[in-house]
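Novice: Contents of my_file02.pdb (PDB, C-alpha atoms and all ligand atoms) are below:
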ATOM      1  CA  MET A 623     -10.002 -13.554 -47.630  1.00  0.00           C
ATOM      2  CA  GLU A 624      -7.202 -14.431 -45.262  1.00  0.00           C
ATOM      3  CA  ARG A 625      -6.682 -12.260 -42.138  1.00  0.00           C
ATOM      4  CA  LYS A 626      -3.336 -11.087 -43.443  1.00  0.00           C
ATOM      5  CA  GLN A 627      -4.856 -10.074 -46.781  1.00  0.00           C
ATOM      6  CA  PHE A 628      -7.704  -8.321 -45.016  1.00  0.00           C
ATOM      7  CA  LEU A 629      -5.367  -6.259 -42.841  1.00  0.00           C
ATOM      8  CA  ARG A 630      -3.181  -5.420 -45.855  1.00  0.00           C
ATOM      9  CA  SER A 631      -6.262  -4.203 -47.736  1.00  0.00           C
ATOM     10  CA  LEU A 632      -7.104  -1.796 -44.894  1.00  0.00           C
ATOM     11  CA  GLY A 633      -3.756  -0.090 -44.918  1.00  0.00           C
ATOM     12  CA  ALA A 634      -1.149   0.155 -42.188  1.00  0.00           C
ATOM     13  CA  GLY A 635      -3.011   2.627 -39.943  1.00  0.00           C
ATOM     14  CA  ALA A 636      -6.245   0.677 -39.813  1.00  0.00           C
ATOM     15  CA  ALA A 637      -4.426  -2.606 -39.391  1.00  0.00           C
ATOM     16  CA  PHE A 638      -2.524  -1.165 -36.430  1.00  0.00           C
ATOM     17  CA  ALA A 639      -5.747   0.141 -34.871  1.00  0.00           C
ATOM     18  CA  ILE A 640      -7.387  -3.268 -35.175  1.00  0.00           C
ATOM     19  CA  ALA A 641      -4.376  -5.163 -33.908  1.00  0.00           C
ATOM     20  CA  PHE A 642      -3.681  -2.817 -30.952  1.00  0.00           C
ATOM     21  CA  PRO A 643      -6.967  -1.131 -30.100  1.00  0.00           C
ATOM     22  CA  CYS A 644      -6.058  -0.394 -26.484  1.00  0.00           C
ATOM     23  CA  LEU A 645      -2.406   0.557 -26.752  1.00  0.00           C
ATOM     24  CA  GLY A 646      -1.593   3.373 -24.384  1.00  0.00           C
ATOM     25  CA  ALA A 647      -5.144   4.612 -24.005  1.00  0.00           C
ATOM     26  CA  CYS A 648      -6.979   1.985 -22.019  1.00  0.00           C
ATOM     27  CA  SER A 649      -7.004   1.565 -18.319  1.00  0.00           C
ATOM     28  CA  GLN A 650      -9.061  -0.532 -15.953  1.00  0.00           C
ATOM     29  CA  GLU A 651     -11.380   2.456 -15.485  1.00  0.00           C
ATOM     30  CA  ASP A 652     -12.284   2.338 -19.174  1.00  0.00           C
ATOM     31  CA  GLU A 653     -13.587  -1.187 -18.746  1.00  0.00           C
ATOM     32  CA  VAL A 654     -15.925  -0.459 -15.816  1.00  0.00           C
ATOM     33  CA  GLU A 655     -18.981   1.650 -16.387  1.00  0.00           C
ATOM     34  CA  GLY A 656     -19.900   4.290 -13.895  1.00  0.00           C
ATOM     35  CA  GLY A 657     -17.851   6.382 -11.558  1.00  0.00           C
ATOM     36  CA  ASN A 658     -18.446   9.699  -9.839  1.00  0.00           C
ATOM     37  CA  ALA A 659     -21.503   8.407  -7.969  1.00  0.00           C
ATOM     38  CA  PRO A 660     -22.014  10.088  -4.615  1.00  0.00           C
ATOM     39  CA  VAL A 661     -21.376   8.090  -1.467  1.00  0.00           C
ATOM     40  CA  PRO A 662     -24.880   7.410  -0.128  1.00  0.00           C
ATOM     41  CA  SER A 663     -26.148   9.662   2.634  1.00  0.00           C
ATOM     42  CA  GLY A 664     -29.344   9.768   4.633  1.00  0.00           C
ATOM     43  CA  VAL A 665     -29.515   5.979   4.441  1.00  0.00           C
ATOM     44  CA  ASP A 666     -32.416   4.474   6.341  1.00  0.00           C
ATOM     45  CA  PHE A 667     -34.234   1.498   4.885  1.00  0.00           C
ATOM     46  CA  ALA A 668     -35.678  -1.829   6.010  1.00  0.00           C
ATOM     47  CA  LEU A 669     -35.329  -5.305   4.567  1.00  0.00           C
ATOM     48  CA  ASP A 670     -37.794  -8.099   5.220  1.00  0.00           C
ATOM     49  CA  LEU A 671     -35.418 -10.990   5.901  1.00  0.00           C
ATOM     50  CA  ASP A 672     -38.079 -13.454   4.683  1.00  0.00           C
ATOM     51  CA  ALA A 673     -38.424 -11.712   1.316  1.00  0.00           C
ATOM     52  CA  PRO A 674     -36.801 -13.308  -1.754  1.00  0.00           C
ATOM     53  CA  GLU A 675     -34.474 -10.309  -2.239  1.00  0.00           C
ATOM     54  CA  ALA A 676     -32.941 -11.019   1.184  1.00  0.00           C
ATOM     55  CA  ALA A 677     -32.742 -14.815   0.864  1.00  0.00           C
ATOM     56  CA  VAL A 678     -28.972 -14.812   0.336  1.00  0.00           C
ATOM     57  CA  LEU A 679     -28.560 -13.068   3.695  1.00  0.00           C
ATOM     58  CA  ALA A 680     -29.643 -16.273   5.430  1.00  0.00           C
ATOM     59  CA  LYS A 681     -26.158 -17.707   5.043  1.00  0.00           C
ATOM     60  CA  LYS A 682     -22.928 -16.391   6.529  1.00  0.00           C
ATOM     61  CA  GLY A 683     -20.922 -14.474   3.934  1.00  0.00           C
ATOM     62  CA  GLY A 684     -24.005 -13.716   1.853  1.00  0.00           C
ATOM     63  CA  PHE A 685     -24.595 -10.160   0.711  1.00  0.00           C
ATOM     64  CA  ILE A 686     -26.910  -8.062  -1.418  1.00  0.00           C
ATOM     65  CA  THR A 687     -26.739  -4.538  -2.772  1.00  0.00           C
ATOM     66  CA  LYS A 688     -29.650  -2.187  -2.225  1.00  0.00           C
ATOM     67  CA  ASN A 689     -29.910   1.598  -2.395  1.00  0.00           C
ATOM     68  CA  SER A 690     -26.146   1.817  -3.101  1.00  0.00           C
ATOM     69  CA  VAL A 691     -25.420  -0.111   0.104  1.00  0.00           C
ATOM     70  CA  VAL A 692     -23.794  -3.537   0.467  1.00  0.00           C
ATOM     71  CA  VAL A 693     -25.729  -5.449   3.128  1.00  0.00           C
ATOM     72  CA  VAL A 694     -23.886  -8.462   4.513  1.00  0.00           C
ATOM     73  CA  ASN A 695     -24.386 -11.392   6.835  1.00  0.00           C
ATOM     74  CA  ASN A 696     -20.733 -11.577   7.856  1.00  0.00           C
ATOM     75  CA  LEU A 697     -18.797 -14.719   8.684  1.00  0.00           C
ATOM     76  CA  GLU A 698     -19.807 -14.445  12.353  1.00  0.00           C
ATOM     77  CA  GLY A 699     -23.498 -14.243  11.461  1.00  0.00           C
ATOM     78  CA  ASN A 700     -23.838 -10.517  12.173  1.00  0.00           C
ATOM     79  CA  PHE A 701     -25.336  -8.026   9.760  1.00  0.00           C
ATOM     80  CA  VAL A 702     -23.018  -5.270   8.584  1.00  0.00           C
ATOM     81  CA  ALA A 703     -23.479  -2.688   5.850  1.00  0.00           C
ATOM     82  CA  ALA A 704     -21.246  -0.350   3.866  1.00  0.00           C
ATOM     83  CA  SER A 705     -21.393   1.966   0.918  1.00  0.00           C
ATOM     84  CA  GLN A 706     -21.467   0.244  -2.442  1.00  0.00           C
ATOM     85  CA  VAL A 707     -19.886   3.427  -3.790  1.00  0.00           C
ATOM     86  CA  CYS A 708     -16.130   3.508  -3.418  1.00  0.00           C
ATOM     87  CA  SER A 709     -14.806   6.787  -2.020  1.00  0.00           C
ATOM     88  CA  HIS A 710     -11.913   6.721  -4.486  1.00  0.00           C
ATOM     89  CA  GLN A 711     -13.620   7.513  -7.788  1.00  0.00           C
ATOM     90  CA  GLY A 712     -17.248   6.827  -7.052  1.00  0.00           C
ATOM     91  CA  TYR A 713     -17.676   3.461  -8.731  1.00  0.00           C
ATOM     92  CA  GLU A 714     -20.474   1.314  -7.314  1.00  0.00           C
ATOM     93  CA  GLU A 715     -18.173  -1.687  -7.211  1.00  0.00           C
ATOM     94  CA  VAL A 716     -17.679  -2.351  -3.493  1.00  0.00           C
ATOM     95  CA  ARG A 717     -18.534  -5.937  -2.612  1.00  0.00           C
ATOM     96  CA  PHE A 718     -18.029  -8.310   0.321  1.00  0.00           C
ATOM     97  CA  LEU A 719     -15.397 -11.036   0.137  1.00  0.00           C
ATOM     98  CA  ASP A 720     -15.339 -13.983   2.527  1.00  0.00           C
ATOM     99  CA  LYS A 721     -11.532 -13.799   2.741  1.00  0.00           C
ATOM    100  CA  GLU A 722      -9.303 -12.564   5.554  1.00  0.00           C
ATOM    101  CA  GLY A 723     -12.167 -12.862   8.000  1.00  0.00           C
ATOM    102  CA  GLY A 724     -14.549 -11.005   5.699  1.00  0.00           C
ATOM    103  CA  ILE A 725     -13.630  -7.744   3.989  1.00  0.00           C
ATOM    104  CA  PHE A 726     -15.092  -5.148   1.678  1.00  0.00           C
ATOM    105  CA  TYR A 727     -13.350  -4.843  -1.671  1.00  0.00           C
ATOM    106  CA  CYS A 728     -13.514  -2.494  -4.646  1.00  0.00           C
ATOM    107  CA  GLY A 729     -12.412  -4.249  -7.806  1.00  0.00           C
ATOM    108  CA  VAL A 730     -11.827  -1.087  -9.833  1.00  0.00           C
ATOM    109  CA  HIS A 731      -8.430  -0.263  -8.321  1.00  0.00           C
ATOM    110  CA  GLY A 732      -8.190  -2.887  -5.597  1.00  0.00           C
ATOM    111  CA  SER A 733      -9.051  -1.025  -2.413  1.00  0.00           C
ATOM    112  CA  ARG A 734      -9.677  -3.351   0.516  1.00  0.00           C
ATOM    113  CA  PHE A 735     -11.443  -2.412   3.734  1.00  0.00           C
ATOM    114  CA  GLU A 736     -12.035  -3.852   7.154  1.00  0.00           C
ATOM    115  CA  GLN A 737     -15.689  -4.190   8.092  1.00  0.00           C
ATOM    116  CA  SER A 738     -15.245  -0.993  10.106  1.00  0.00           C
ATOM    117  CA  GLY A 739     -14.487   0.866   6.853  1.00  0.00           C
ATOM    118  CA  LYS A 740     -10.769   1.248   7.596  1.00  0.00           C
ATOM    119  CA  PRO A 741      -8.530   0.774   4.515  1.00  0.00           C
ATOM    120  CA  MET A 742      -6.376  -2.370   4.562  1.00  0.00           C
ATOM    121  CA  ASN A 743      -3.980  -1.543   1.745  1.00  0.00           C
ATOM    122  CA  LYS A 744      -0.496  -0.408   2.690  1.00  0.00           C
ATOM    123  CA  VAL A 745      -0.151   3.253   3.518  1.00  0.00           C
ATOM    124  CA  ASP A 746      -0.160   5.307   0.294  1.00  0.00           C
ATOM    125  CA  ALA A 747      -1.131   2.205  -1.702  1.00  0.00           C
ATOM    126  CA  SER A 748      -4.866   2.359  -1.090  1.00  0.00           C
ATOM    127  CA  PRO A 749      -6.601   4.601  -3.580  1.00  0.00           C
ATOM    128  CA  ALA A 750      -9.610   4.927  -1.286  1.00  0.00           C
ATOM    129  CA  LYS A 751      -8.980   6.410   2.138  1.00  0.00           C
ATOM    130  CA  PHE A 752     -12.210   5.279   3.778  1.00  0.00           C
ATOM    131  CA  LEU A 753     -15.392   3.292   3.272  1.00  0.00           C
ATOM    132  CA  LYS A 754     -18.608   4.598   4.766  1.00  0.00           C
ATOM    133  CA  VAL A 755     -20.317   2.029   6.946  1.00  0.00           C
ATOM    134  CA  PHE A 756     -23.868   1.969   8.278  1.00  0.00           C
ATOM    135  CA  LYS A 757     -25.593   0.704  11.383  1.00  0.00           C
ATOM    136  CA  THR A 758     -27.841  -2.336  11.331  1.00  0.00           C
ATOM    137  CA  GLU A 759     -30.468  -3.685  13.684  1.00  0.00           C
ATOM    138  CA  VAL A 760     -32.843  -6.622  13.473  1.00  0.00           C
ATOM    139  CA  SER A 761     -36.321  -6.588  14.927  1.00  0.00           C
ATOM    140  CA  GLY A 762     -39.154  -8.994  14.182  1.00  0.00           C
ATOM    141  CA  GLY A 763     -37.520 -10.422  11.070  1.00  0.00           C
ATOM    142  CA  VAL A 764     -36.850  -6.994   9.622  1.00  0.00           C
ATOM    143  CA  LEU A 765     -33.327  -5.676   9.127  1.00  0.00           C
ATOM    144  CA  ARG A 766     -32.967  -1.911   9.352  1.00  0.00           C
ATOM    145  CA  VAL A 767     -29.929  -0.257   7.739  1.00  0.00           C
ATOM    146  CA  PHE A 768     -29.348   3.308   8.805  1.00  0.00           C
ATOM    147  CA  GLU A 769     -26.866   6.048   9.684  1.00  0.00           C
TER
HETATM  148  S1  LIG B 801     -12.903   3.314  -7.447  1.00  0.00           S
HETATM  149 FE1  LIG B 801     -10.733   3.152  -7.268  1.00  0.00          FE
HETATM  150  S2  LIG B 801     -10.463   1.666  -5.705  1.00  0.00           S
HETATM  151 FE2  LIG B 801     -12.588   1.873  -5.861  1.00  0.00          FE
END
What do you get writing this file as structure tokens?
Ligand code: FES
Specialist:
Amino acid sequence: MERKQFLRSLGAGAAFAIAFPCLGACSQEDEVEGGNAPVPSGVDFALDLDAPEAAVLAKKGGFITKNSVVVVNNLEGNFVAASQVCSHQGYEEVRFLDKEGGIFYCGVHGSRFEQSGKPMNKVDASPAKFLKVFKTEVSGGVLRVFE
């Protein structure tokens, strides 16, 4: 059966629904699972920098996510950490980008943040008004991430 014949056999309503499944109802939020997660609090954990889970942190610009925190070896070779949960709608989509000197970015609605957590989007254009950042310290090959 040809596609055209198939659609005709379904009737106009079904054919329209198949041809335009997202018309007027879909948004970017529909395509990303999650949302409404709480921004992490009481953060205090340690990472063994020699462990396989931390291997990517050996190179500048490398990052991992752990306990809803993005842990980064920034482009200067310093460890920084921020919430993986975006303060806009609570999606765990914040990541590190090695652009513009190294920034945090939420791909759900495009919020960009300095490493300090300050929004970079134009005033009134940034959906998220802040990004929670955490302290880091290295001692004996162990990275501590804490508030
Ligand atoms: S959830 Fe909207 S910008 Fe991050």
Novice: Per residue of chain A within 12 Å of ligand LIG 801 (chain B), record the nearest atom pair and its distance in Å to one decimal, counting only C-alpha atoms and all ligand atoms, with rows in chain order and ascending residue number, as a tab-separated table.
Specialist:
residue	atom	partner	partner_atom	distance
A:Ser649	CA	B:LIG801	FE1	11.8
A:Gln650	CA	B:LIG801	FE1	9.6
A:Glu651	CA	B:LIG801	S1	8.2
A:Asp652	CA	B:LIG801	S1	11.8
A:Val654	CA	B:LIG801	S1	9.7
A:Glu655	CA	B:LIG801	S1	10.9
A:Gly656	CA	B:LIG801	S1	9.6
A:Gly657	CA	B:LIG801	S1	7.1
A:Asn658	CA	B:LIG801	S1	8.8
A:Ala659	CA	B:LIG801	S1	10.0
A:Pro660	CA	B:LIG801	S1	11.7
A:Val661	CA	B:LIG801	S1	11.4
A:Ser705	CA	B:LIG801	FE2	11.1
A:Gln706	CA	B:LIG801	FE2	9.7
A:Val707	CA	B:LIG801	FE2	7.7
A:Cys708	CA	B:LIG801	FE2	4.6
A:Ser709	CA	B:LIG801	FE2	6.6
A:His710	CA	B:LIG801	S1	4.6
A:Gln711	CA	B:LIG801	S1	4.3
A:Gly712	CA	B:LIG801	S1	5.6
A:Tyr713	CA	B:LIG801	S1	4.9
A:Glu714	CA	B:LIG801	S1	7.8
A:Glu715	CA	B:LIG801	FE2	6.8
A:Val716	CA	B:LIG801	FE2	7.0
A:Arg717	CA	B:LIG801	FE2	10.3
A:Phe726	CA	B:LIG801	FE2	10.6
A:Tyr727	CA	B:LIG801	FE2	8.0
A:Cys728	CA	B:LIG801	FE2	4.6
A:Gly729	CA	B:LIG801	FE2	6.4
A:Val730	CA	B:LIG801	FE2	5.0
A:His731	CA	B:LIG801	S2	3.8
A:Gly732	CA	B:LIG801	S2	5.1
A:Ser733	CA	B:LIG801	S2	4.5
A:Arg734	CA	B:LIG801	S2	8.0
A:Phe735	CA	B:LIG801	S2	10.3
A:Pro741	CA	B:LIG801	S2	10.4
A:Met742	CA	B:LIG801	S2	11.8
A:Asn743	CA	B:LIG801	S2	10.4
A:Ala747	CA	B:LIG801	S2	10.2
A:Ser748	CA	B:LIG801	S2	7.3
A:Pro749	CA	B:LIG801	S2	5.3
A:Ala750	CA	B:LIG801	S2	5.6
A:Lys751	CA	B:LIG801	S2	9.3
A:Phe752	CA	B:LIG801	FE2	10.2
A:Leu753	CA	B:LIG801	FE2	9.7
Novice: Starting from the shown file, work through the PyMOL selection byres (((chain A and resi 672-680) around 12) and not hetatm) and note down what comes out as a PDB file with C-alpha atoms, in the frame of the given file.
Specialist:
ATOM      1  CA  ALA A 668     -35.678  -1.829   6.010  1.00  0.00           C
ATOM      2  CA  LEU A 669     -35.329  -5.305   4.567  1.00  0.00           C
ATOM      3  CA  ASP A 670     -37.794  -8.099   5.220  1.00  0.00           C
ATOM      4  CA  LEU A 671     -35.418 -10.990   5.901  1.00  0.00           C
ATOM      5  CA  LYS A 681     -26.158 -17.707   5.043  1.00  0.00           C
ATOM      6  CA  LYS A 682     -22.928 -16.391   6.529  1.00  0.00           C
ATOM      7  CA  GLY A 683     -20.922 -14.474   3.934  1.00  0.00           C
ATOM      8  CA  GLY A 684     -24.005 -13.716   1.853  1.00  0.00           C
ATOM      9  CA  PHE A 685     -24.595 -10.160   0.711  1.00  0.00           C
ATOM     10  CA  ILE A 686     -26.910  -8.062  -1.418  1.00  0.00           C
ATOM     11  CA  THR A 687     -26.739  -4.538  -2.772  1.00  0.00           C
ATOM     12  CA  LYS A 688     -29.650  -2.187  -2.225  1.00  0.00           C
ATOM     13  CA  VAL A 692     -23.794  -3.537   0.467  1.00  0.00           C
ATOM     14  CA  VAL A 693     -25.729  -5.449   3.128  1.00  0.00           C
ATOM     15  CA  VAL A 694     -23.886  -8.462   4.513  1.00  0.00           C
ATOM     16  CA  ASN A 695     -24.386 -11.392   6.835  1.00  0.00           C
ATOM     17  CA  ASN A 696     -20.733 -11.577   7.856  1.00  0.00           C
ATOM     18  CA  LEU A 697     -18.797 -14.719   8.684  1.00  0.00           C
ATOM     19  CA  GLY A 699     -23.498 -14.243  11.461  1.00  0.00           C
ATOM     20  CA  ASN A 700     -23.838 -10.517  12.173  1.00  0.00           C
ATOM     21  CA  PHE A 701     -25.336  -8.026   9.760  1.00  0.00           C
ATOM     22  CA  VAL A 702     -23.018  -5.270   8.584  1.00  0.00           C
ATOM     23  CA  ALA A 703     -23.479  -2.688   5.850  1.00  0.00           C
ATOM     24  CA  GLY A 762     -39.154  -8.994  14.182  1.00  0.00           C
ATOM     25  CA  GLY A 763     -37.520 -10.422  11.070  1.00  0.00           C
ATOM     26  CA  VAL A 764     -36.850  -6.994   9.622  1.00  0.00           C
ATOM     27  CA  LEU A 765     -33.327  -5.676   9.127  1.00  0.00           C
TER      28      LEU A 765
END
Novice: Once you add 4 Å to each side, what are the centre and edge lengths of the axis-aligned box holding all listed atoms of segment 749-766 of chain A? One decimal in Å, as JSON, if you can.
Specialist:
{"center_x": -22.9, "center_y": -2.0, "center_z": 5.7, "size_x": 40.6, "size_y": 24.8, "size_z": 26.5}
Novice: Excluding same-chain residues fewer than 5 positions from Ile725 of chain A, what lies within 8 Å of it counting only C-alpha atoms, as a short mmCIF file (atom, residue, chain, number, x, y, z; two decimals) with C-alpha atoms, keeping the file's coordinate frame?
Specialist:
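What landed in around_13.cif:
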data_model
loop_
_atom_site.label_atom_id
_atom_site.label_comp_id
_atom_site.auth_asym_id
_atom_site.auth_seq_id
_atom_site.Cartn_x
_atom_site.Cartn_y
_atom_site.Cartn_z
CA PHE A 718 -18.03 -8.31 0.32
CA LEU A 719 -15.40 -11.04 0.14
CA ASP A 720 -15.34 -13.98 2.53
CA ARG A 734 -9.68 -3.35 0.52
CA PHE A 735 -11.44 -2.41 3.73
CA GLU A 736 -12.04 -3.85 7.15
CA GLN A 737 -15.69 -4.19 8.09
#
Novice: Within 10 Å of Ser663 of chain A, counting all atoms listed in the file, which residues qualify if same-chain residues fewer than 3 places away don't, as a VMD selection string?
Specialist: chain A and resid 660 666 690 705 754 756 768 to 769
Novice: Work out how far apart atom CA of Val691 of chain A and atom CA of Val665 of chain A are and give it in Å to one decimal.
Specialist: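 Interatomic distance, atom CA of Val691 of chain A to atom CA of Val665 of chain A: 8.5 Å.
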Novice: For a test of reading the model, state the distance in Å between atom CA of Thr758 of chain A and atom CA of Pro662 of chain A, rounded to one decimal.
Specialist: 15.3 Å
Novice: At what distance in Å, to one decimal, does atom CA of Glu722 of chain A lie from atom CA of Val767 of chain A?
Specialist: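 Taking atom CA of Val767 of chain A and atom CA of Glu722 of chain A, their separation equals 24.1 Å.
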